[in-house]
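target.txt follows; it contains compact mmCIF, C-alpha atoms.
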```
# COMPACT_ATOMS: atom_id res chain seq x y z
CA MET I 81 -2.22 -34.11 -3.35
CA PRO I 82 -0.08 -37.25 -2.75
CA GLU I 83 -1.73 -40.03 -0.80
CA GLY I 84 -1.00 -39.86 2.91
CA THR I 85 -0.31 -36.11 2.88
CA GLU I 86 -1.70 -34.43 5.98
CA PHE I 87 -2.58 -30.79 6.31
CA ASP I 88 -4.73 -28.75 8.69
CA PHE I 89 -5.97 -25.86 6.56
CA MET I 90 -7.17 -25.41 3.00
CA GLU I 91 -7.68 -22.06 1.32
CA ILE I 92 -10.71 -21.91 -0.99
CA ASN I 93 -11.89 -19.14 -3.31
CA ILE I 94 -15.67 -18.96 -3.73
CA LEU I 95 -18.05 -16.70 -5.60
CA GLU I 96 -20.94 -15.46 -3.49
CA GLN I 97 -23.47 -13.11 -5.07
CA GLY I 98 -20.92 -12.11 -7.69
CA VAL I 99 -18.20 -11.32 -5.12
CA LYS I 100 -15.07 -13.44 -4.91
CA LYS I 101 -14.34 -14.47 -1.30
CA LYS I 102 -11.46 -16.41 0.15
CA ILE I 103 -12.13 -18.86 2.99
CA VAL I 104 -9.64 -20.85 5.02
CA ALA I 105 -11.12 -24.10 6.26
CA ASN I 106 -9.86 -26.37 8.99
CA VAL I 107 -9.75 -29.73 7.20
CA ASN I 108 -7.96 -31.71 9.88
CA SER I 109 -9.63 -35.10 10.23
CA LYS I 110 -10.14 -34.48 13.94
CA LYS I 111 -13.47 -32.82 14.69
CA LEU I 112 -13.47 -29.32 16.09
CA SER I 113 -13.15 -30.11 19.75
CA ASN I 114 -14.54 -26.98 21.35
CA LYS I 115 -15.66 -23.42 20.81
CA ASN I 116 -12.03 -22.22 20.86
CA ASP I 117 -11.33 -24.18 17.66
CA ASN I 118 -14.38 -22.64 16.04
CA ALA I 119 -13.22 -19.18 17.14
CA LYS I 120 -9.80 -19.81 15.56
CA GLN I 121 -11.52 -20.71 12.28
CA MET I 122 -13.53 -17.50 12.46
CA ILE I 123 -10.36 -15.51 13.21
CA MET I 124 -8.77 -16.82 10.02
CA ASN I 125 -11.89 -16.01 7.99
CA SER I 126 -11.90 -12.50 9.51
CA LEU I 127 -8.24 -11.98 8.62
CA ILE I 128 -8.94 -12.98 5.03
CA ALA I 129 -11.89 -10.57 4.89
CA ILE I 130 -9.75 -7.71 6.25
CA ASP I 131 -7.03 -8.52 3.71
CA THR I 132 -9.57 -8.72 0.87
CA ASN I 133 -11.06 -5.35 1.80
CA ARG I 134 -7.57 -3.84 2.02
CA VAL I 135 -8.04 -1.86 5.22
CA ALA I 136 -4.50 -0.81 6.11
CA SER I 137 -3.39 -1.65 9.62
CA LEU I 138 -0.38 -0.30 11.45
CA THR I 139 2.59 -2.62 11.76
CA LYS I 140 3.66 -3.72 15.21
CA ASN I 141 6.61 -1.28 15.09
CA GLU I 142 4.40 1.63 13.99
CA ALA I 143 1.93 0.89 16.80
CA ARG I 144 4.70 0.76 19.40
CA LYS I 145 5.74 4.30 18.51
CA LEU I 146 2.26 5.59 19.34
CA THR I 147 0.87 6.16 22.82
CA HIS I 148 -2.35 4.38 21.82
CA TYR I 149 -4.24 2.66 19.00
CA TYR I 150 -7.58 0.98 18.34
CA THR I 151 -8.12 -2.70 17.58
CA VAL I 152 -10.95 -5.24 17.35
CA GLN I 153 -11.14 -7.87 20.06
CA VAL I 154 -12.46 -11.20 18.79
CA GLY I 155 -11.79 -13.42 21.78
CA ALA I 156 -10.41 -13.86 25.27
CA PHE I 157 -8.99 -17.24 26.24
CA ARG I 158 -7.14 -18.76 29.15
CA GLU I 159 -5.92 -21.61 27.00
CA VAL I 160 -3.05 -20.81 24.63
CA MET I 161 -3.61 -21.08 20.86
CA ASN I 162 -1.88 -24.18 19.49
CA ASP I 163 1.48 -23.59 17.84
CA GLU I 164 0.42 -24.80 14.37
CA THR I 165 -2.54 -22.42 14.15
CA LEU I 166 -0.54 -19.50 15.54
CA GLU I 167 2.31 -20.16 13.09
CA PHE I 168 -0.10 -20.33 10.14
CA ILE I 169 -1.79 -17.07 11.15
CA ASN I 170 1.51 -15.26 11.81
CA ASN I 171 3.04 -16.43 8.52
CA ASN I 172 0.02 -15.24 6.53
CA TYR I 173 -1.42 -12.37 8.58
CA GLY I 174 1.30 -11.40 11.07
CA ASN I 175 0.59 -7.68 11.06
CA GLU I 176 -3.15 -8.09 11.51
CA PHE I 177 -3.38 -10.64 14.34
CA HIS I 178 -1.94 -10.08 17.79
CA ILE I 179 -2.43 -11.39 21.28
CA ILE I 180 -2.33 -9.10 24.30
CA LYS I 181 -2.05 -10.57 27.78
CA ASP I 182 -4.62 -9.07 30.14
CA LYS I 183 -2.72 -9.44 33.41
CA ARG I 184 -5.69 -8.35 35.51
CA LEU I 185 -7.88 -11.18 34.24
CA ASN I 186 -5.12 -13.64 33.25
CA TYR I 187 -6.57 -14.01 29.73
CA ASP I 188 -5.03 -13.82 26.27
CA LEU I 189 -7.00 -11.22 24.28
CA TYR I 190 -7.14 -12.02 20.56
CA MET I 191 -7.02 -8.79 18.56
CA LEU I 192 -7.26 -8.02 14.86
CA GLY I 193 -5.58 -4.95 13.39
CA ARG I 194 -4.01 -1.83 14.83
CA TYR I 195 -5.56 1.50 13.79
CA LYS I 196 -4.75 5.14 14.52
CA ASN I 197 -8.32 6.35 14.30
CA LEU I 198 -11.81 5.30 15.23
CA SER I 199 -13.22 5.52 11.70
CA ASP I 200 -10.83 2.83 10.34
CA VAL I 201 -11.42 0.45 13.23
CA LYS I 202 -15.20 0.84 12.83
CA ILE I 203 -14.89 -0.31 9.21
CA VAL I 204 -12.87 -3.34 10.30
CA ASN I 205 -15.28 -4.15 13.12
CA LYS I 206 -18.16 -4.22 10.60
CA ILE I 207 -16.18 -6.46 8.23
CA ILE I 208 -15.47 -8.90 11.04
CA LYS I 209 -19.12 -8.89 12.18
CA ASP I 210 -20.19 -9.58 8.58
CA VAL I 211 -17.92 -12.65 8.53
CA GLY I 212 -19.72 -14.02 11.58
CA PHE I 213 -18.03 -12.65 14.69
CA SER I 214 -21.21 -11.04 16.00
CA ASP I 215 -19.71 -10.45 19.45
CA CYS I 216 -16.47 -8.73 18.38
CA PHE I 217 -15.94 -5.20 19.63
CA ILE I 218 -13.58 -2.24 19.42
CA MET I 219 -10.89 -2.01 22.09
CA GLY I 220 -8.13 0.42 22.80
CA VAL I 221 -4.50 -0.25 23.61
CA GLU I 222 -2.51 2.33 25.52
CA LYS I 223 1.18 1.74 26.20
CA ARG I 224 0.68 -1.97 25.38
CA ILE I 225 -2.13 -2.31 27.95
CA PRO I 226 -5.71 -3.10 26.87
CA VAL I 227 -8.18 -0.32 27.69
CA SER I 228 -11.74 0.44 26.63
CA ALA I 229 -12.23 2.33 23.38
CA LEU I 230 -14.41 4.81 25.28
CA TYR I 231 -11.47 5.58 27.58
CA LEU I 232 -9.29 6.42 24.55
CA ILE I 233 -12.02 8.50 22.91
CA LYS I 234 -12.44 10.60 26.05
CA LYS I 235 -8.71 10.91 26.73
CA TYR I 236 -7.52 11.74 23.21
```
Encoded form (structure tokens):
Amino acid sequence: MPEGTEFDFMEINILEQGVKKKIVANVNSKKLSNKNDNAKQMIMNSLIAIDTNRVASLTKNEARKLTHYYTVQVGAFREVMNDETLEFINNNYGNEFHIIKDKRLNYDLYMLGRYKNLSDVKIVNKIIKDVGFSDCFIMGVEKRIPVSALYLIKKY
């Protein structure tokens, strides 16, 4: 890398217990300033794990044609994700990552994947927990509004 080149993220392939894993690391010289930055790092690692395990997610257009779908919520923030991180995630994992505005709470809900059925989203939830997001959980989305997964299970 030429001297003086600045970049924020580095993608690294590692072997762990005989399994090849891809990790994206925040290598910006500034220290992680708060738990939101750490959550963004974990989101990227989760997206890589989902991609590596090849669990097919619906595209945004496919999801919009449905009355509902399941997703995994990995965060809820009042502060907006910085443009550089959002651009990197969208360029590399645009179909997997999405933000839904919860108008009742005035939070941005960070979601990973869009799935037609509960069995697929359970697989993804486990993958994300294994990466380190111990407090992620399955959510539902009905007509672009976040709802509990239990609500969807009972209704459909």
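Proximity to segment 219-225 of chain I at 10 Å, evaluated using all atoms listed in the file and with sequence-adjacent residues fewer than 4 positions away removed, yields Ala143, Arg144, Lys145, Leu146, Thr147, His148, Tyr149, Tyr150, Thr151, Val152, Gln153, Val154, Ile180, Lys181, Asp182, Lys183, Met191, Arg194, Tyr195, Leu198, Val201, Ala229, Leu230, Tyr231, Leu232 and Ile233 of chain I.
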For a quick check of understanding, using only C-alpha atoms, which of I:Ala136, I:Val160, I:Val227, I:Ala129 has the smallest distance to Lys209 of chain I?
I:Ala129
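Rounded to one decimal, atom CA of Asn197 of chain I and atom CA of Asn175 of chain I lie 16.9 Å from each other.
Here atom CA of Glu164 of chain I stands at a distance of 29.3 Å from atom CA of Ile203 of chain I.
Atom CA of Gly212 of chain I to atom CA of Thr139 of chain I spans 25.1 Å [interatomic distance, one decimal].
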Which protein, DNA or RNA residues have an atom at most 6 Å from (-10.7, -14.4, 25.6), counting only C-alpha atoms? List them as a PyMOL selection string.
chain I and resi 155-157+187-189
Identify, on the basis of only C-alpha atoms, every residue whose closest approach to Met122 of chain I does not exceed 8 Å; exclude the query and any residue fewer than 3 positions from it along the same chain; express the result as a PyMOL selection string.
chain I and resi 118-119+125-126+211-213
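Comparing I:Cys216, I:Leu192, I:Met161, I:Val204 by their smallest distance to Tyr173 of chain I, the closest is I:Leu192 (using only C-alpha atoms).
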Given 4 Å of margin on each side, can you work out the centre and size in Å (one decimal) of an axis-aligned box holding every listed atom of segment 120-130 of chain I, as AutoDock Vina command-line options?
```
--center_x -10.9 --center_y -14.2 --center_z 10.2 --size_x 13.3 --size_y 21.0 --size_z 18.7
```
